[in-house]
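Data block below; observations after.
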Amino acid sequence: MKKYPLYRHRIKTIEKLVVFCDALYEKIFPAEVWTKAHFKYIFGYEANLINPGTFNEKILWLNANDRTKLQTKCADKFLVREYVSEKIGVKHLIPLVFTTKNVSEISKINLPEKPVIVKTNHDSGSYHIIKNKDKIDFKEVQKKLTKSLKFNYYYSQRERQYKDIEPLIIVEELLLKKNGTLPSNYKLFCFNGAVKYLSLDNEIESEKYVNFYNLNWELQDLRCSYKIGKGSYPPDGLNEMISIAEKLAKPFDFVRVDLYELEGVIYFGEMTFTPVAGFGKYKPSKWDTILGNELNLTHLK
């Protein structure tokens, strides 16, 4: 017990050092300088952030010039629940088990018998699907969560909406179909409050495919990080999905709204304001211009 205060003091010292290093990094490489340099490294040409034309350029322009407290709230995977319940109702929220800032509470004794997903509210990819808690190495889960909680996701690619999110661990019920598989993840791209395109993730023999569709559910030749898979039928709740996404997207110039459909109910996943952080290598390259043409920023200039 006598060692605990010293241990806690060391943790606080490390946290202060991380904050100091982040602040120093920001001073040496301001967001504007870093963004321009990274864009040229990715694409091989200078980004036009004065009169942006492509989708990536416009996303980066919005990132630098149009960040609000509401966007930070909606990028927070916990606080966004309040916004969603106000706009479309609590029935569209994935049931919440509990939240905590203490990684030790993510343990076998604290988690329910039913499948859950454990994730952090402030970054991307820090989630753990737990279908059978008897088969989980909770020390490893806690270790990864500890690392995630200490990291300010803003410094990954300077996405401003993440900078002021207070890190938190969220435990939600895991959505599962009757056959035990995860429901499809539909991503609706909303331009000036209107859905224009949707994407659907697929996985075949452990290989991921992402299909993009227009509102007529016609498969597009657009791809980014993954290959295009076989076309599929539209979901039964497509029109409801579009309506829900547009209600949530109304205050924003651009946002991607992720939704799930399970047994006739549409569930909210998350909201993304800067897909691929504004550095998406869309193929064919014409799509960077096509998507950019859908996004009207003239009212902001």
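Starting from 1 in every chain, residues are counted up; chains themselves are A, B, ... following the order of the structure tokens, and ligands are numbered from 1 as listed.
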
Residues within 9 Å of segment 272-282 of chain A, only C-alpha atoms, excluding chain neighbours under 3 positions, as a PyMOL selection string: chain A and resi 38-39+42-43+55-60+62-63+71+74-75+157-159+161+222-225+252+254-258+285-288

Would you put the residues from that selection into a file with C-alpha atoms, as a compact mmCIF listing (two decimals), in the first residue's frame?
# COMPACT_ATOMS: atom_id res chain seq x y z
CA HIS A 38 1.68 15.43 -45.29
CA PHE A 39 -0.68 16.08 -48.21
CA ILE A 42 0.75 11.43 -49.92
CA PHE A 43 -0.32 12.88 -53.27
CA PHE A 55 -13.09 16.28 -51.70
CA ASN A 56 -9.85 15.87 -49.74
CA GLU A 57 -9.01 19.57 -50.05
CA LYS A 58 -12.48 20.58 -48.89
CA ILE A 59 -12.35 18.21 -45.91
CA LEU A 60 -8.98 19.71 -44.92
CA LEU A 62 -13.33 22.40 -43.11
CA ASN A 63 -10.94 20.87 -40.59
CA GLN A 71 -18.65 18.61 -33.88
CA CYS A 74 -20.61 14.35 -32.03
CA ALA A 75 -17.10 12.94 -32.58
CA GLN A 157 -3.46 13.38 -38.23
CA ARG A 158 -4.52 16.76 -36.77
CA GLU A 159 -8.27 16.17 -36.92
CA GLN A 161 -12.71 17.58 -33.57
CA LEU A 222 -15.16 4.08 -56.36
CA ARG A 223 -12.68 2.49 -54.01
CA CYS A 224 -10.30 3.78 -51.37
CA SER A 225 -8.53 1.43 -48.97
CA PHE A 252 -23.01 20.13 -40.74
CA PHE A 254 -20.14 17.28 -44.33
CA VAL A 255 -20.44 14.26 -42.09
CA ARG A 256 -20.46 10.51 -42.59
CA VAL A 257 -23.11 8.76 -40.50
CA ASP A 258 -22.56 5.07 -39.73
CA SER A 285 -8.76 9.59 -59.04
CA LYS A 286 -11.77 11.26 -60.70
CA TRP A 287 -13.73 10.48 -57.54
CA ASP A 288 -11.81 13.03 -55.50

Shell around Ile170 of chain A at 6 Å using only C-alpha atoms, local window under 3 positions removed, as an mmCIF file with C-alpha atoms, in the first residue's frame:
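After the write, result_27.cif holds the following:
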data_model
loop_
_atom_site.group_PDB
_atom_site.id
_atom_site.type_symbol
_atom_site.label_atom_id
_atom_site.label_comp_id
_atom_site.auth_asym_id
_atom_site.auth_seq_id
_atom_site.Cartn_x
_atom_site.Cartn_y
_atom_site.Cartn_z
ATOM 1 C CA THR A 99 -18.654 3.738 -18.812
ATOM 2 C CA VAL A 118 -15.464 -2.332 -25.220
ATOM 3 C CA LYS A 119 -14.128 0.817 -26.855
ATOM 4 C CA THR A 120 -12.772 4.274 -26.176
#

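Counting only C-alpha atoms, the residue from A:Leu262, A:Asn48, A:Lys40, A:Val33 that sits nearest to His92 of chain A is A:Leu262.
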
Considering only C-alpha atoms, tabulate each residue of segment 27-110 of chain A that lies at most 10 Å from segment 144-153 of chain A along with its nearest interatomic pair and the corresponding distance in Å to one decimal; arrange the rows by chain and ascending residue number and present them as a Markdown table.
| residue | atom | partner | partner_atom | distance |
| --- | --- | --- | --- | --- |
| A:Lys101 | CA | A:Leu149 | CA | 8.3 |
| A:Asn102 | CA | A:Thr146 | CA | 8.7 |
| A:Val103 | CA | A:Thr146 | CA | 6.5 |
| A:Ser104 | CA | A:Thr146 | CA | 9.5 |
| A:Ile106 | CA | A:Leu145 | CA | 9.3 |

Per residue of segment 141-209 of chain A within 12 Å of segment 77-90 of chain A, what are the shortest atom pair and its distance in Å to one decimal, counting only C-alpha atoms, with rows by chain and residue number, as a tab-separated table?
residue	atom	partner	partner_atom	distance
A:Gln161	CA	A:Lys77	CA	11.9
A:Tyr162	CA	A:Lys77	CA	10.6
A:Ile165	CA	A:Leu79	CA	9.4
A:Glu166	CA	A:Leu79	CA	10.1
A:Pro167	CA	A:Phe78	CA	9.7
A:Leu168	CA	A:Phe78	CA	8.0
A:Ile169	CA	A:Phe78	CA	8.8
A:Ile170	CA	A:Phe78	CA	7.1
A:Val171	CA	A:Phe78	CA	10.0
A:Glu172	CA	A:Phe78	CA	10.4

Output N, CA and C atoms for every residue in the selection just made, as a PDB file, in the first residue's frame.
ATOM      1  N   GLN A 161     -11.547  17.940 -34.382  1.00  0.00           N
ATOM      2  CA  GLN A 161     -12.706  17.577 -33.570  1.00  0.00           C
ATOM      3  C   GLN A 161     -12.353  16.619 -32.436  1.00  0.00           C
ATOM      4  N   TYR A 162     -11.188  15.969 -32.528  1.00  0.00           N
ATOM      5  CA  TYR A 162     -10.793  15.018 -31.488  1.00  0.00           C
ATOM      6  C   TYR A 162      -9.952  15.646 -30.371  1.00  0.00           C
ATOM      7  N   ILE A 165     -11.629  16.090 -26.715  1.00  0.00           N
ATOM      8  CA  ILE A 165     -12.454  15.017 -26.153  1.00  0.00           C
ATOM      9  C   ILE A 165     -11.768  14.441 -24.913  1.00  0.00           C
ATOM     10  N   GLU A 166     -12.523  14.325 -23.830  1.00  0.00           N
ATOM     11  CA  GLU A 166     -11.982  13.721 -22.608  1.00  0.00           C
ATOM     12  C   GLU A 166     -12.091  12.196 -22.715  1.00  0.00           C
ATOM     13  N   PRO A 167     -10.963  11.484 -22.708  1.00  0.00           N
ATOM     14  CA  PRO A 167     -10.982  10.036 -22.928  1.00  0.00           C
ATOM     15  C   PRO A 167     -11.828   9.274 -21.908  1.00  0.00           C
ATOM     16  N   LEU A 168     -12.512   8.260 -22.426  1.00  0.00           N
ATOM     17  CA  LEU A 168     -13.432   7.466 -21.612  1.00  0.00           C
ATOM     18  C   LEU A 168     -13.547   6.078 -22.231  1.00  0.00           C
ATOM     19  N   ILE A 169     -13.807   5.090 -21.396  1.00  0.00           N
ATOM     20  CA  ILE A 169     -14.053   3.729 -21.873  1.00  0.00           C
ATOM     21  C   ILE A 169     -15.561   3.488 -21.879  1.00  0.00           C
ATOM     22  N   ILE A 170     -16.053   2.959 -22.984  1.00  0.00           N
ATOM     23  CA  ILE A 170     -17.484   2.666 -23.128  1.00  0.00           C
ATOM     24  C   ILE A 170     -17.667   1.164 -23.300  1.00  0.00           C
ATOM     25  N   VAL A 171     -18.653   0.623 -22.605  1.00  0.00           N
ATOM     26  CA  VAL A 171     -19.031  -0.777 -22.787  1.00  0.00           C
ATOM     27  C   VAL A 171     -20.477  -0.802 -23.271  1.00  0.00           C
ATOM     28  N   GLU A 172     -20.678  -1.350 -24.471  1.00  0.00           N
ATOM     29  CA  GLU A 172     -22.016  -1.455 -25.048  1.00  0.00           C
ATOM     30  C   GLU A 172     -22.343  -2.907 -25.346  1.00  0.00           C
TER      31      GLU A 172
END

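Using only C-alpha atoms, the shortest contact distance between Leu176 of chain A and any of A:Arg67, A:His122, A:His299, A:Lys131 is found at A:Lys131.
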
Picked from segment 149-280 of chain A by DSSP as strand (DSSP E or B), as number ranges by chain: A: 169-173, 185-191, 194-204, 207-214, 219, 223, 227, 254-262, 265-272

Take the residues that were just selected and, keeping N, CA and C atoms, output them as a short mmCIF file (atom, residue, chain, number, x, y, z; two decimals), in the first residue's frame.
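Saved as selection.cif:
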data_model
loop_
_atom_site.label_atom_id
_atom_site.label_comp_id
_atom_site.auth_asym_id
_atom_site.auth_seq_id
_atom_site.Cartn_x
_atom_site.Cartn_y
_atom_site.Cartn_z
N ILE A 169 -13.81 5.09 -21.40
CA ILE A 169 -14.05 3.73 -21.87
C ILE A 169 -15.56 3.49 -21.88
N ILE A 170 -16.05 2.96 -22.98
CA ILE A 170 -17.48 2.67 -23.13
C ILE A 170 -17.67 1.16 -23.30
N VAL A 171 -18.65 0.62 -22.60
CA VAL A 171 -19.03 -0.78 -22.79
C VAL A 171 -20.48 -0.80 -23.27
N GLU A 172 -20.68 -1.35 -24.47
CA GLU A 172 -22.02 -1.45 -25.05
C GLU A 172 -22.34 -2.91 -25.35
N GLU A 173 -23.64 -3.19 -25.43
CA GLU A 173 -24.04 -4.52 -25.88
C GLU A 173 -23.57 -4.71 -27.33
N ASN A 185 -22.46 -2.87 -41.71
CA ASN A 185 -22.19 -1.49 -41.34
C ASN A 185 -22.38 -0.61 -42.58
N TYR A 186 -23.41 0.24 -42.53
CA TYR A 186 -23.71 1.15 -43.64
C TYR A 186 -23.19 2.54 -43.30
N LYS A 187 -22.44 3.13 -44.22
CA LYS A 187 -21.86 4.46 -44.01
C LYS A 187 -22.47 5.42 -45.03
N LEU A 188 -23.17 6.41 -44.52
CA LEU A 188 -23.90 7.33 -45.39
C LEU A 188 -23.16 8.67 -45.44
N PHE A 189 -22.77 9.06 -46.64
CA PHE A 189 -22.00 10.28 -46.85
C PHE A 189 -22.95 11.44 -47.09
N CYS A 190 -22.97 12.40 -46.16
CA CYS A 190 -23.93 13.50 -46.19
C CYS A 190 -23.23 14.81 -46.57
N PHE A 191 -23.65 15.38 -47.69
CA PHE A 191 -23.10 16.63 -48.19
C PHE A 191 -24.13 17.73 -48.01
N ALA A 194 -27.48 16.39 -47.02
CA ALA A 194 -28.17 15.40 -47.87
C ALA A 194 -27.27 14.21 -48.16
N VAL A 195 -27.83 13.02 -48.04
CA VAL A 195 -27.08 11.79 -48.38
C VAL A 195 -26.93 11.72 -49.90
N LYS A 196 -25.71 11.49 -50.35
CA LYS A 196 -25.42 11.36 -51.79
C LYS A 196 -24.90 9.97 -52.14
N TYR A 197 -24.10 9.40 -51.24
CA TYR A 197 -23.53 8.08 -51.48
C TYR A 197 -23.55 7.27 -50.18
N LEU A 198 -23.51 5.95 -50.32
CA LEU A 198 -23.44 5.04 -49.18
C LEU A 198 -22.34 4.03 -49.44
N SER A 199 -21.73 3.54 -48.39
CA SER A 199 -20.78 2.43 -48.55
C SER A 199 -21.19 1.29 -47.62
N LEU A 200 -20.83 0.10 -48.01
CA LEU A 200 -21.16 -1.10 -47.26
C LEU A 200 -19.93 -1.97 -47.15
N ASP A 201 -19.55 -2.30 -45.92
CA ASP A 201 -18.40 -3.16 -45.68
C ASP A 201 -18.80 -4.63 -45.83
N ASN A 202 -17.96 -5.41 -46.47
CA ASN A 202 -18.17 -6.85 -46.62
C ASN A 202 -16.87 -7.58 -46.29
N GLU A 203 -17.00 -8.79 -45.84
CA GLU A 203 -15.80 -9.60 -45.58
C GLU A 203 -16.03 -11.01 -46.12
N ILE A 204 -15.14 -11.43 -47.01
CA ILE A 204 -15.23 -12.76 -47.62
C ILE A 204 -13.91 -13.47 -47.39
N GLU A 207 -11.04 -11.49 -46.07
CA GLU A 207 -10.61 -10.33 -46.85
C GLU A 207 -11.75 -9.32 -46.91
N LYS A 208 -11.42 -8.05 -46.60
CA LYS A 208 -12.44 -7.01 -46.52
C LYS A 208 -12.65 -6.35 -47.87
N TYR A 209 -13.92 -6.11 -48.20
CA TYR A 209 -14.31 -5.38 -49.40
C TYR A 209 -15.24 -4.24 -48.99
N VAL A 210 -15.18 -3.13 -49.71
CA VAL A 210 -16.08 -2.01 -49.45
C VAL A 210 -16.72 -1.58 -50.76
N ASN A 211 -18.04 -1.62 -50.80
CA ASN A 211 -18.80 -1.22 -51.98
C ASN A 211 -19.44 0.15 -51.76
N PHE A 212 -19.36 1.01 -52.76
CA PHE A 212 -20.01 2.31 -52.72
C PHE A 212 -21.22 2.29 -53.67
N TYR A 213 -22.32 2.87 -53.20
CA TYR A 213 -23.55 2.92 -53.97
C TYR A 213 -24.08 4.36 -54.03
N ASN A 214 -24.82 4.68 -55.10
CA ASN A 214 -25.55 5.94 -55.11
C ASN A 214 -26.93 5.70 -54.49
N LEU A 219 -24.07 0.15 -57.91
CA LEU A 219 -22.69 -0.01 -57.49
C LEU A 219 -21.78 0.93 -58.28
N ARG A 223 -13.31 3.25 -55.09
CA ARG A 223 -12.68 2.49 -54.01
C ARG A 223 -11.61 3.36 -53.35
N LYS A 227 -10.74 -3.32 -51.81
CA LYS A 227 -11.26 -3.71 -53.12
C LYS A 227 -12.78 -3.62 -53.14
N PHE A 254 -20.39 18.67 -43.95
CA PHE A 254 -20.14 17.28 -44.33
C PHE A 254 -20.04 16.43 -43.08
N VAL A 255 -20.64 15.26 -43.13
CA VAL A 255 -20.44 14.26 -42.09
C VAL A 255 -20.82 12.89 -42.67
N ARG A 256 -20.10 11.88 -42.23
CA ARG A 256 -20.46 10.51 -42.59
C ARG A 256 -21.14 9.89 -41.37
N VAL A 257 -22.33 9.36 -41.59
CA VAL A 257 -23.11 8.76 -40.50
C VAL A 257 -23.11 7.25 -40.68
N ASP A 258 -22.62 6.53 -39.68
CA ASP A 258 -22.56 5.07 -39.73
C ASP A 258 -23.76 4.47 -39.01
N LEU A 259 -24.45 3.55 -39.67
CA LEU A 259 -25.65 2.93 -39.12
C LEU A 259 -25.61 1.41 -39.29
N TYR A 260 -26.40 0.74 -38.44
CA TYR A 260 -26.57 -0.71 -38.53
C TYR A 260 -28.06 -1.02 -38.63
N GLU A 261 -28.41 -2.11 -39.29
CA GLU A 261 -29.79 -2.57 -39.33
C GLU A 261 -29.84 -3.98 -38.74
N LEU A 262 -30.66 -4.16 -37.72
CA LEU A 262 -30.77 -5.46 -37.07
C LEU A 262 -32.22 -5.71 -36.68
N VAL A 265 -34.65 -2.83 -36.88
CA VAL A 265 -34.32 -1.61 -36.15
C VAL A 265 -33.01 -1.02 -36.68
N ILE A 266 -32.99 0.29 -36.88
CA ILE A 266 -31.78 0.98 -37.32
C ILE A 266 -31.05 1.49 -36.09
N TYR A 267 -29.78 1.13 -35.96
CA TYR A 267 -28.96 1.56 -34.83
C TYR A 267 -27.87 2.52 -35.28
N PHE A 268 -27.62 3.51 -34.46
CA PHE A 268 -26.57 4.48 -34.74
C PHE A 268 -25.21 3.91 -34.36
N GLY A 269 -24.21 4.17 -35.22
CA GLY A 269 -22.85 3.73 -34.93
C GLY A 269 -21.97 4.88 -34.50
N GLU A 270 -21.66 5.79 -35.42
CA GLU A 270 -20.83 6.95 -35.09
C GLU A 270 -20.93 7.98 -36.20
N MET A 271 -20.32 9.16 -35.96
CA MET A 271 -20.28 10.23 -36.95
C MET A 271 -18.82 10.58 -37.22
N THR A 272 -18.49 10.72 -38.49
CA THR A 272 -17.12 11.00 -38.90
C THR A 272 -17.10 12.25 -39.77
#

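A straight line drawn from atom CA of Leu248 of chain A to atom CA of Gly193 of chain A is 8.2 Å long.
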
Nearest to Gln142 of chain A, chosen from A:Ile28, A:Tyr127, A:Val116, A:Asp76, with only C-alpha atoms counted in the distances: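 Closest to Gln142 of chain A, using only C-alpha atoms: A:Tyr127.
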
Pairwise distance for atom CA of Leu295 of chain A and atom CA of Asn192 of chain A, rounded to one decimal in Å: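 Between these atoms lies a distance of 6.6 Å.
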